[in-house]
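structure13.cif follows; it contains mmCIF, C-alpha atoms.
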data_entry
loop_
_atom_site.label_atom_id
_atom_site.label_comp_id
_atom_site.auth_asym_id
_atom_site.auth_seq_id
_atom_site.Cartn_x
_atom_site.Cartn_y
_atom_site.Cartn_z
CA MET G 22 0.00 0.00 0.00
CA PRO G 23 1.36 3.45 -0.77
CA LYS G 24 1.94 5.51 2.31
CA SER G 25 0.14 8.79 2.27
CA GLU G 26 2.08 10.18 5.22
CA ASN G 27 5.65 9.89 6.39
CA HIS G 28 6.02 6.44 7.80
CA THR G 29 8.42 4.60 10.11
CA GLU G 30 8.07 1.02 11.26
CA LEU G 31 9.36 -0.02 14.67
CA LEU G 32 10.06 -3.46 16.06
CA LEU G 33 10.08 -3.57 19.86
CA LEU G 34 12.12 -6.48 21.16
CA PRO G 35 11.60 -8.21 24.51
CA ASP G 36 15.08 -7.23 25.63
CA GLY G 37 14.25 -3.54 25.24
CA ARG G 38 15.92 -2.92 21.90
CA ILE G 39 14.02 -1.03 19.23
CA LEU G 40 14.68 -1.60 15.55
CA ALA G 41 13.50 0.98 13.06
CA HIS G 42 12.78 0.79 9.35
CA ASN G 43 12.20 3.78 7.06
CA LEU G 44 13.39 6.07 9.81
CA THR G 45 12.17 9.62 9.30
CA PRO G 46 13.77 12.65 10.98
CA ALA G 47 10.79 12.98 13.32
CA ALA G 48 11.02 9.34 14.37
CA ALA G 49 14.78 9.69 14.88
CA ALA G 50 14.23 12.66 17.15
CA LEU G 51 11.64 10.75 19.16
CA LEU G 52 13.83 7.66 19.53
CA HIS G 53 16.80 9.80 20.51
CA HIS G 54 14.75 11.27 23.34
CA LEU G 55 13.78 7.77 24.47
CA ASP G 56 17.41 6.66 24.59
CA PRO G 57 19.89 9.56 24.48
CA GLY G 58 22.75 7.12 24.93
CA ASP G 59 22.16 5.35 21.62
CA ARG G 60 25.04 6.58 19.47
CA SER G 61 23.54 5.58 16.15
CA MET G 62 20.29 7.38 16.85
CA LEU G 63 22.12 10.38 18.27
CA LEU G 64 24.06 10.77 15.03
CA ARG G 65 20.87 10.56 12.99
CA ALA G 66 18.95 12.98 15.15
CA VAL G 67 21.89 15.39 15.14
CA VAL G 68 22.34 15.31 11.38
CA LYS G 69 18.71 16.18 11.02
CA ARG G 70 19.09 19.18 13.29
CA SER G 71 22.34 20.38 11.73
CA ARG G 72 20.80 20.23 8.27
CA ALA G 73 17.81 22.16 9.52
CA ARG G 74 20.12 24.87 10.95
CA LYS G 75 21.88 25.09 7.60
CA SER G 76 18.55 25.63 5.91
CA ARG G 77 17.59 28.33 8.36
CA ALA G 78 20.81 30.16 7.53
CA LYS G 79 19.61 30.48 3.96
CA PRO G 80 16.08 31.84 4.20
CA GLN G 81 15.71 32.05 0.45
CA THR G 82 15.81 28.27 0.27
CA LEU G 83 13.67 27.57 3.31
CA ARG G 84 10.75 25.29 2.64
CA THR G 85 8.10 23.75 4.79
CA PRO G 86 9.00 20.08 5.13
CA HIS G 87 6.96 18.22 2.62
CA LYS G 88 4.33 15.73 3.71
CA PRO G 89 3.64 13.26 0.95
CA MET R 24 21.10 -8.16 -25.96
CA THR R 25 21.10 -4.77 -27.62
CA CYS R 26 24.50 -3.15 -27.84
CA LEU R 27 24.46 0.41 -26.65
CA GLY R 28 27.97 1.18 -27.75
CA GLN R 29 30.46 2.84 -25.51
CA VAL R 30 28.93 4.89 -22.75
CA ALA R 31 30.94 7.58 -21.10
CA CYS R 32 31.93 7.24 -17.47
CA LYS R 33 30.97 9.91 -14.97
CA PRO R 34 33.70 12.48 -15.64
CA CYS R 35 32.69 12.55 -19.31
CA VAL R 36 28.96 13.01 -18.76
CA GLU R 37 28.95 16.76 -18.97
CA ASP R 38 25.23 17.31 -18.95
CA ARG R 39 23.62 14.64 -16.85
CA ALA R 40 20.07 15.70 -17.55
CA VAL R 41 20.48 15.63 -21.32
CA THR R 42 22.24 12.28 -21.25
CA ALA R 43 19.67 10.85 -18.86
CA ARG R 44 16.84 11.93 -21.14
CA GLU R 45 18.46 10.29 -24.15
CA ARG R 46 19.17 7.09 -22.25
CA ALA R 47 15.66 7.03 -20.84
CA ARG R 48 14.29 6.88 -24.37
CA THR R 49 16.70 4.08 -25.19
CA ALA R 50 15.80 2.23 -22.02
CA ARG R 51 12.10 2.50 -22.67
CA GLY R 52 12.60 0.92 -26.07
CA LEU R 53 14.61 -1.86 -24.48
CA LEU R 54 11.58 -2.87 -22.41
CA ALA R 55 10.50 -4.71 -25.54
CA ASN R 56 13.26 -7.21 -24.87
CA CYS R 57 14.07 -6.79 -21.21
CA HIS R 58 17.61 -7.59 -20.09
CA PHE R 59 17.96 -5.03 -17.32
CA CYS R 60 18.76 -7.58 -14.62
CA ALA R 61 20.93 -10.68 -14.62
CA HIS R 62 17.92 -12.95 -15.09
CA HIS R 63 17.89 -11.92 -18.78
CA CYS R 64 14.22 -12.84 -19.19
CA GLY R 65 14.01 -11.18 -22.62
CA VAL R 66 10.28 -10.54 -22.26
CA ASP R 67 8.40 -7.76 -24.03
CA ARG R 68 7.21 -5.63 -21.13
CA LEU R 69 5.71 -3.10 -23.52
CA ALA R 70 3.41 -5.81 -24.84
CA GLY R 71 2.32 -6.91 -21.38
CA GLU R 72 4.69 -9.82 -20.95
CA ARG R 73 6.18 -10.29 -17.50
CA GLY R 74 9.52 -11.67 -16.42
CA LEU R 75 10.60 -12.96 -13.03
CA CYS R 76 10.20 -9.50 -11.46
CA HIS R 77 6.60 -9.28 -12.76
CA ALA R 78 7.13 -5.60 -13.60
CA GLY R 79 5.40 -4.08 -16.59
CA ALA R 80 6.19 -0.93 -18.53
CA GLU R 81 4.80 1.33 -15.85
CA SER R 82 6.62 2.03 -12.58
CA ARG R 83 4.96 2.41 -9.22
CA TRP R 84 6.17 3.72 -5.88
CA PHE R 85 5.31 2.57 -2.37
CA SER R 86 7.27 5.04 -0.26
CA VAL R 87 8.58 8.56 -0.93
CA GLN R 88 9.87 10.49 2.07
CA VAL R 89 12.90 11.99 3.78
CA GLU R 90 14.75 9.35 5.79
CA VAL R 91 17.75 9.22 8.11
CA ALA R 92 18.28 5.49 8.54
CA ASP R 93 20.95 5.15 5.89
CA GLU R 94 24.68 5.87 6.02
CA LEU R 95 25.54 9.15 7.75
CA GLU R 96 27.23 10.60 4.70
CA ILE R 97 24.07 10.43 2.61
CA ILE R 98 21.39 11.40 5.12
CA PRO R 99 18.99 13.08 5.29
CA THR R 100 18.02 11.50 2.00
CA PHE R 101 14.89 11.89 -0.06
CA ALA R 102 14.22 8.18 -0.50
CA ILE R 103 12.09 6.95 -3.37
CA ALA R 104 11.04 3.30 -3.18
CA LEU R 105 9.85 1.73 -6.42
CA GLY R 106 7.69 -1.38 -6.30
CA GLY R 107 8.89 -4.71 -7.65
CA CYS R 108 12.18 -6.56 -7.46
CA ASP R 109 14.09 -9.19 -9.40
CA LEU R 110 15.12 -11.02 -6.24
CA ARG R 111 12.85 -13.00 -3.93
CA CYS R 112 14.49 -12.71 -0.53
CA ASP R 113 12.28 -14.49 1.95
CA PHE R 114 13.33 -12.06 4.69
CA CYS R 115 12.59 -8.91 2.68
CA ILE R 116 11.41 -6.19 5.03
CA THR R 117 9.30 -4.68 2.25
CA GLY R 118 8.24 -8.02 0.80
CA ALA R 119 4.62 -7.12 0.16
CA SER R 120 5.65 -4.22 -2.08
CA SER R 121 8.93 -5.57 -3.38
CA TRP R 122 7.44 -8.83 -4.56
CA ASN R 123 4.46 -7.13 -6.13
CA ALA R 124 5.31 -4.73 -8.93
CA ALA R 125 1.64 -3.73 -9.11
CA ALA R 126 1.63 -2.43 -5.55
CA GLY R 127 1.70 1.25 -4.76
CA ASP R 128 0.89 4.36 -6.79
CA ARG R 129 1.69 5.14 -10.39
CA PHE R 130 5.01 6.96 -10.61
CA ASP R 131 4.56 10.51 -11.87
CA VAL R 132 8.11 11.57 -12.73
CA ARG R 133 7.55 15.31 -12.64
CA ALA R 134 5.57 15.21 -9.42
CA VAL R 135 8.21 13.14 -7.64
CA ALA R 136 10.98 15.34 -9.03
CA ALA R 137 9.21 18.41 -7.67
CA ARG R 138 9.03 16.80 -4.25
CA ALA R 139 12.70 15.84 -4.45
CA LYS R 140 13.70 19.41 -5.25
CA GLN R 141 11.58 20.64 -2.37
CA ALA R 142 13.27 18.18 -0.01
CA LEU R 143 16.73 19.25 -1.21
CA ALA R 144 15.86 22.87 -0.61
CA ALA R 145 14.67 21.98 2.89
CA GLY R 146 17.96 20.32 3.79
CA ALA R 147 18.02 16.81 2.33
CA ARG R 148 21.58 15.98 1.34
CA THR R 149 20.80 13.40 -1.35
CA VAL R 150 18.08 11.84 -3.46
CA MET R 151 18.09 8.06 -3.30
CA LEU R 152 16.41 5.71 -5.71
CA MET R 153 15.69 2.31 -4.24
CA GLY R 154 13.09 -0.43 -4.25
CA GLY R 155 12.26 -3.14 -4.42
CA GLU R 156 14.95 -2.80 -7.01
CA PRO R 157 15.28 0.30 -9.17
CA THR R 158 17.23 -1.49 -11.91
CA ILE R 159 14.04 -3.07 -13.25
CA HIS R 160 12.65 0.48 -13.64
CA LEU R 161 15.54 2.00 -15.57
CA PRO R 162 13.43 4.09 -17.97
CA THR R 163 11.61 5.77 -15.09
CA ALA R 164 14.79 6.19 -13.05
CA LEU R 165 16.55 7.91 -15.94
CA GLU R 166 13.52 10.10 -16.63
CA LEU R 167 13.68 11.20 -13.01
CA VAL R 168 17.40 11.96 -13.22
CA ALA R 169 16.66 14.12 -16.24
CA GLU R 170 14.30 16.23 -14.13
CA LEU R 171 16.70 16.80 -11.24
CA PRO R 172 19.24 19.63 -10.99
CA ALA R 173 22.85 18.90 -11.89
CA SER R 174 23.86 19.86 -8.36
CA ALA R 175 21.70 17.16 -6.78
CA ARG R 176 23.70 14.34 -5.24
CA LEU R 177 22.06 11.13 -6.41
CA VAL R 178 22.27 7.73 -4.76
CA TRP R 179 21.54 4.43 -6.48
CA LYS R 180 20.55 1.84 -3.88
CA THR R 181 20.69 -1.53 -5.56
CA ASN R 182 20.84 -5.27 -5.02
CA ALA R 183 23.78 -5.36 -7.46
CA HIS R 184 22.06 -7.90 -9.68
CA GLY R 185 21.96 -5.72 -12.77
CA SER R 186 23.06 -6.72 -16.26
CA ALA R 187 25.86 -5.24 -18.36
CA GLN R 188 23.17 -3.45 -20.34
CA ALA R 189 21.81 -1.80 -17.21
CA ARG R 190 25.29 -0.76 -16.16
CA GLU R 191 25.88 0.91 -19.52
CA LEU R 192 22.71 2.92 -19.11
CA LEU R 193 23.56 3.87 -15.54
CA GLY R 194 27.16 4.94 -16.14
CA GLY R 195 27.74 8.46 -14.85
CA MET R 196 24.19 9.01 -13.72
CA PHE R 197 24.56 8.54 -9.97
CA ASP R 198 27.08 9.99 -7.55
CA VAL R 199 26.98 7.20 -5.00
CA TRP R 200 26.19 3.55 -5.36
CA VAL R 201 24.93 1.79 -2.24
CA ALA R 202 25.08 -1.86 -3.22
CA ASP R 203 23.95 -4.85 -1.21
CA TYR R 204 26.19 -7.88 -0.92
CA LYS R 205 23.73 -10.15 0.84
CA PHE R 206 24.98 -13.71 0.51
CA GLY R 207 28.50 -15.03 0.72
CA ASN R 208 27.81 -18.15 -1.32
CA ASP R 209 25.44 -19.35 -4.01
CA ALA R 210 23.79 -21.99 -1.84
CA CYS R 211 22.48 -19.45 0.65
CA ALA R 212 21.39 -17.17 -2.21
CA GLU R 213 19.50 -20.03 -3.81
CA ARG R 214 17.85 -21.08 -0.56
CA LEU R 215 16.95 -17.64 0.82
CA ALA R 216 16.40 -15.59 -2.35
CA HIS R 217 15.72 -18.23 -5.00
CA ILE R 218 18.48 -16.94 -7.22
CA SER R 219 21.34 -18.63 -9.03
CA ASP R 220 24.85 -17.48 -9.92
CA TYR R 221 24.56 -14.80 -7.25
CA VAL R 222 28.15 -14.32 -6.12
CA ARG R 223 29.64 -13.92 -9.59
CA THR R 224 26.92 -11.46 -10.60
CA VAL R 225 27.22 -9.29 -7.51
CA GLN R 226 30.99 -9.19 -7.65
CA GLU R 227 30.85 -8.18 -11.32
CA ASN R 228 28.53 -5.31 -10.45
CA LEU R 229 30.58 -4.17 -7.47
CA LEU R 230 33.79 -4.11 -9.48
CA TRP R 231 32.07 -1.99 -12.12
CA ALA R 232 30.48 0.35 -9.58
CA ASP R 233 33.83 0.88 -7.90
CA ARG R 234 35.25 2.18 -11.17
CA GLN R 235 32.31 4.56 -11.52
CA GLY R 236 32.88 6.61 -8.42
CA GLU R 237 31.82 6.34 -4.83
CA LEU R 238 30.72 2.89 -3.75
CA ILE R 239 29.30 1.81 -0.41
CA VAL R 240 28.93 -1.93 0.03
CA ARG R 241 26.20 -2.83 2.41
CA HIS R 242 25.81 -6.16 4.19
CA LEU R 243 22.80 -7.02 6.29
CA LEU R 244 23.93 -9.32 9.07
CA MET R 245 21.61 -12.30 9.10
CA PRO R 246 21.39 -14.50 12.19
CA GLY R 247 23.18 -17.76 11.64
CA HIS R 248 24.97 -16.51 8.51
CA ILE R 249 28.16 -15.05 9.90
CA ASP R 250 30.39 -17.95 8.88
CA CYS R 251 28.76 -18.83 5.59
CA CYS R 252 27.90 -15.33 4.33
CA TRP R 253 29.66 -12.54 6.15
CA LYS R 254 33.10 -14.14 6.40
CA PRO R 255 33.51 -14.88 2.68
CA ILE R 256 32.19 -11.43 1.80
CA ALA R 257 34.63 -9.79 4.18
CA ALA R 258 37.50 -11.85 2.79
CA TRP R 259 36.63 -10.92 -0.79
CA LEU R 260 36.33 -7.24 0.02
CA ALA R 261 39.66 -7.29 1.82
CA ALA R 262 41.34 -8.95 -1.12
CA VAL R 263 39.69 -7.14 -4.02
CA LEU R 264 38.05 -3.92 -2.85
CA PRO R 265 39.80 -2.98 0.39
CA HIS R 266 39.33 0.74 -0.28
CA VAL R 267 35.52 0.76 -0.56
CA LYS R 268 33.32 1.84 2.28
CA LEU R 269 31.56 -0.94 4.13
CA SER R 270 28.26 -0.55 5.91
CA LEU R 271 27.46 -3.46 8.21
CA ARG R 272 23.76 -3.43 8.99
CA PRO R 273 22.90 -5.12 12.29
CA GLY R 274 19.17 -4.37 12.20
CA PHE R 275 17.84 -7.60 10.67
CA TRP R 276 14.37 -8.43 11.75
CA PRO R 277 12.39 -11.53 10.83
CA ALA R 278 10.04 -10.01 8.28
CA TRP R 279 7.90 -11.32 5.43
CA ARG R 280 8.55 -15.05 4.96
CA ALA R 281 11.63 -15.33 7.15
CA ASP R 282 9.82 -17.95 9.22
CA ARG R 283 10.42 -20.41 6.39
CA HIS R 284 14.00 -20.56 7.62
CA PRO R 285 14.50 -21.49 11.28
CA GLU R 286 17.71 -19.51 11.67
CA LEU R 287 16.01 -16.33 10.45
CA CYS R 288 13.24 -16.35 13.04
CA ARG R 289 15.13 -14.06 15.38
CA THR R 290 17.16 -10.87 15.36
CA PRO R 291 20.97 -11.19 15.49
CA HIS R 292 22.51 -11.51 18.93
CA ALA R 293 24.67 -8.61 20.05
CA GLU R 294 27.62 -10.99 19.97
CA ASP R 295 26.96 -11.69 16.26
CA SER R 296 27.25 -8.02 15.46
CA ALA R 297 30.34 -7.60 17.61
CA GLN R 298 31.99 -10.60 15.97
CA ALA R 299 31.18 -9.28 12.52
CA SER R 300 32.62 -5.87 13.33
CA ARG R 301 35.76 -7.41 14.79
CA LEU R 302 36.33 -9.36 11.60
CA ALA R 303 35.93 -6.19 9.55
CA GLN R 304 38.44 -4.42 11.75
CA ASP R 305 40.87 -7.34 11.65
CA LEU R 306 40.78 -7.18 7.85
CA SER R 307 41.17 -3.38 7.88
CA LEU R 308 37.91 -2.88 6.04
CA ARG R 309 36.58 0.69 5.90
CA LEU R 310 33.58 0.47 8.20
CA ILE R 311 31.21 3.43 8.13
CA ASP R 312 28.15 4.26 10.21
#
Please, can you express the file's structure as structure tokens?
Amino acid sequence: MPKSENHTELLLLPDGRILAHNLTPAAAALLHHLDPGDRSMLLRAVVKRSRARKSRAKPQTLRTPHKP
Amino acid sequence: MTCLGQVACKPCVEDRAVTARERARTARGLLANCHFCAHHCGVDRLAGERGLCHAGAESRWFSVQVEVADELEIIPTFAIALGGCDLRCDFCITGASSWNAAAGDRFDVRAVAARAKQALAAGARTVMLMGGEPTIHLPTALELVAELPASARLVWKTNAHGSAQARELLGGMFDVWVADYKFGNDACAERLAHISDYVRTVQENLLWADRQGELIVRHLLMPGHIDCCWKPIAAWLAAVLPHVKLSLRPGFWPAWRADRHPELCRTPHAEDSAQASRLAQDLSLRLID
């Protein structure tokens, strides 16, 4: 089925781990808040923020994030 | 197979959009005798015939969005997932869409290109074409490239099961190739993905992609397949492509029809991932996050 909105799938494991598929920036930010010590998620949440800052520095290119 | 003649490598493709448009027309004609993947079905997709991938002349998408799950150097990426695939991996995490080329929405090249440009302007670093498998949709993929700005950094995410014909059409079109090397031997490929001559085909594609430009080899760690799959892959990379970037993916989950294979009914143990990483480090492979 085509996804009409941004979409991330999560698999919650009994040992507490969370696996993510199709990780969107919003989902990365959420998962980073749940486990700030997860290095992989930290890097993905940070890259999202740094890119957003770069966009803000160039207002002529600023766009509202697209929702498919 | 139709001979396309010599196709320029990336440094010679001065105007990517123009070249992509020309090749897209060629590729669409080649659907009449499809040899885009290594199955070489030779079916006439324009006339409604279907090969092993079941794809027709029309492409469809099942996911188009900005994602950050991929390698750090390419995220955030505007990821475009096309339906249909020429492999049949029982553990495919998008099996319902990847095994069904009729799934999803009709691919409107200009509409998707507009969304890609919007995402780039909003901070996406790359545009990534993936699937399923994008190789079986070469005409559409090239039409999309023709609509994107020359400055856009384009990623081709592939199963590395393309044909020589596909490679000729793709030469110089994408900045980064992210190529899966899933199975370390043909027996596992046959059993888990129902595919023959896998290792030779993938290695041929990887060697070509390495000459094209930036190549990231990706390996999904499968539980119970460290010795039979990961170790031979690691050894080959160390011997033949020691300079390429390697992305070890530890996030296997037992999706789709993985339960047909007892060893795939679980996620990898932490020790599996640690062992795999140690081997990569011992062989001085270029691991990336």
(Q) Evaluated on this file, the PyMOL selection byres ((chain R) within 6 of (chain G)) picks out some residues - which ones are they, written as a PyMOL selection string? (A) chain R and resi 85-86+90-92+127+144-146
**Q.** Distance in Å - atom CA of Leu95 of chain R versus atom CA of Arg272 of chain R
**A.**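 So the two atoms, atom CA of Leu95 of chain R and atom CA of Arg272 of chain R, lie 12.8 Å apart.
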**Q.** Atom-to-atom span, atom CA of Ala278 of chain R and atom CA of Asp113 of chain R, Å
**A.**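 Result for atom CA of Ala278 of chain R versus atom CA of Asp113 of chain R: 8.1 Å, one decimal.
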(Q) Between R:Ile98, R:Ile311, R:Gln304, R:Phe206, which residue has the minimum interatomic distance to Val67 of chain G, considering only C-alpha atoms? (A)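 Residue with the minimum atom-to-atom distance to Val67 of chain G: R:Ile98.
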**Q.** Two-atom distance - atom CA of Ala210 of chain R, atom CA of Cys251 of chain R (Å)
**A.**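 Pair atom CA of Ala210 of chain R / atom CA of Cys251 of chain R returns 9.5 Å.
Distances here use all atoms listed in the file; by that measure, the residue among R:Trp179, R:Trp276, R:Trp231, R:Trp253 closest to Leu31 of chain G is R:Trp276.
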Run the PyMOL selection byres ((chain R and resi 290-297) around 12) on the file and write out the hits as a CSV table (one decimal) with C-alpha atoms, keeping the file's coordinate frame.
chain,number,residue,atom,x,y,z
G,32,LEU,CA,10.1,-3.5,16.1
G,33,LEU,CA,10.1,-3.6,19.9
G,34,LEU,CA,12.1,-6.5,21.2
G,35,PRO,CA,11.6,-8.2,24.5
G,36,ASP,CA,15.1,-7.2,25.6
G,38,ARG,CA,15.9,-2.9,21.9
G,39,ILE,CA,14.0,-1.0,19.2
G,40,LEU,CA,14.7,-1.6,15.6
R,114,PHE,CA,13.3,-12.1,4.7
R,242,HIS,CA,25.8,-6.2,4.2
R,243,LEU,CA,22.8,-7.0,6.3
R,244,LEU,CA,23.9,-9.3,9.1
R,245,MET,CA,21.6,-12.3,9.1
R,246,PRO,CA,21.4,-14.5,12.2
R,247,GLY,CA,23.2,-17.8,11.6
R,248,HIS,CA,25.0,-16.5,8.5
R,249,ILE,CA,28.2,-15.0,9.9
R,250,ASP,CA,30.4,-18.0,8.9
R,253,TRP,CA,29.7,-12.5,6.2
R,254,LYS,CA,33.1,-14.1,6.4
R,271,LEU,CA,27.5,-3.5,8.2
R,272,ARG,CA,23.8,-3.4,9.0
R,273,PRO,CA,22.9,-5.1,12.3
R,274,GLY,CA,19.2,-4.4,12.2
R,275,PHE,CA,17.8,-7.6,10.7
R,276,TRP,CA,14.4,-8.4,11.8
R,277,PRO,CA,12.4,-11.5,10.8
R,278,ALA,CA,10.0,-10.0,8.3
R,281,ALA,CA,11.6,-15.3,7.2
R,282,ASP,CA,9.8,-18.0,9.2
R,285,PRO,CA,14.5,-21.5,11.3
R,286,GLU,CA,17.7,-19.5,11.7
R,287,LEU,CA,16.0,-16.3,10.4
R,288,CYS,CA,13.2,-16.4,13.0
R,289,ARG,CA,15.1,-14.1,15.4
R,298,GLN,CA,32.0,-10.6,16.0
R,299,ALA,CA,31.2,-9.3,12.5
R,300,SER,CA,32.6,-5.9,13.3
R,301,ARG,CA,35.8,-7.4,14.8
R,302,LEU,CA,36.3,-9.4,11.6
R,303,ALA,CA,35.9,-6.2,9.6
R,304,GLN,CA,38.4,-4.4,11.8
Q: Apply the PyMOL selection byres ((chain R and resi 310) around 6) to the displayed file and report the matching residues as a list in words.
A: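 Answer for the PyMOL selection byres ((chain R and resi 310) around 6): Leu269, Ser270, Leu308, Arg309 and Ile311 of chain R.
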Q. Which polymer residues have any atom within 10 Å of an atom of segment 129-134 of chain R, counting only C-alpha atoms, with same-chain residues fewer than 6 positions away left out, as a list in words?
A. Pro23 of chain G; Glu81, Ser82, Arg83, Trp84, Phe85, Leu105, Gly106, Thr163, Ala164, Leu165, Glu166, Leu167, Val168, Ala169, Glu170 and Leu171 of chain R
Show which residues sit within 12 Å of Gly236 of chain R, as a tab-separated table (two decimals) with C-alpha atoms, in the frame of the given file. Count all atoms listed in the file, and ignore same-chain residues fewer than 5 positions away.
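Written output follows (around_36.tsv):
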chain	number	residue	atom	x	y	z
R	32	CYS	CA	31.93	7.24	-17.47
R	33	LYS	CA	30.97	9.91	-14.97
R	34	PRO	CA	33.70	12.48	-15.64
R	177	LEU	CA	22.06	11.13	-6.41
R	178	VAL	CA	22.27	7.73	-4.76
R	179	TRP	CA	21.54	4.43	-6.48
R	194	GLY	CA	27.16	4.94	-16.14
R	195	GLY	CA	27.74	8.46	-14.85
R	196	MET	CA	24.19	9.01	-13.72
R	197	PHE	CA	24.56	8.54	-9.97
R	198	ASP	CA	27.08	9.99	-7.55
R	199	VAL	CA	26.98	7.20	-5.00
R	200	TRP	CA	26.19	3.55	-5.36
R	201	VAL	CA	24.93	1.79	-2.24
R	229	LEU	CA	30.58	-4.17	-7.47
R	230	LEU	CA	33.79	-4.11	-9.48
R	231	TRP	CA	32.07	-1.99	-12.12
R	266	HIS	CA	39.33	0.74	-0.28
R	267	VAL	CA	35.52	0.76	-0.56
R	268	LYS	CA	33.32	1.84	2.28
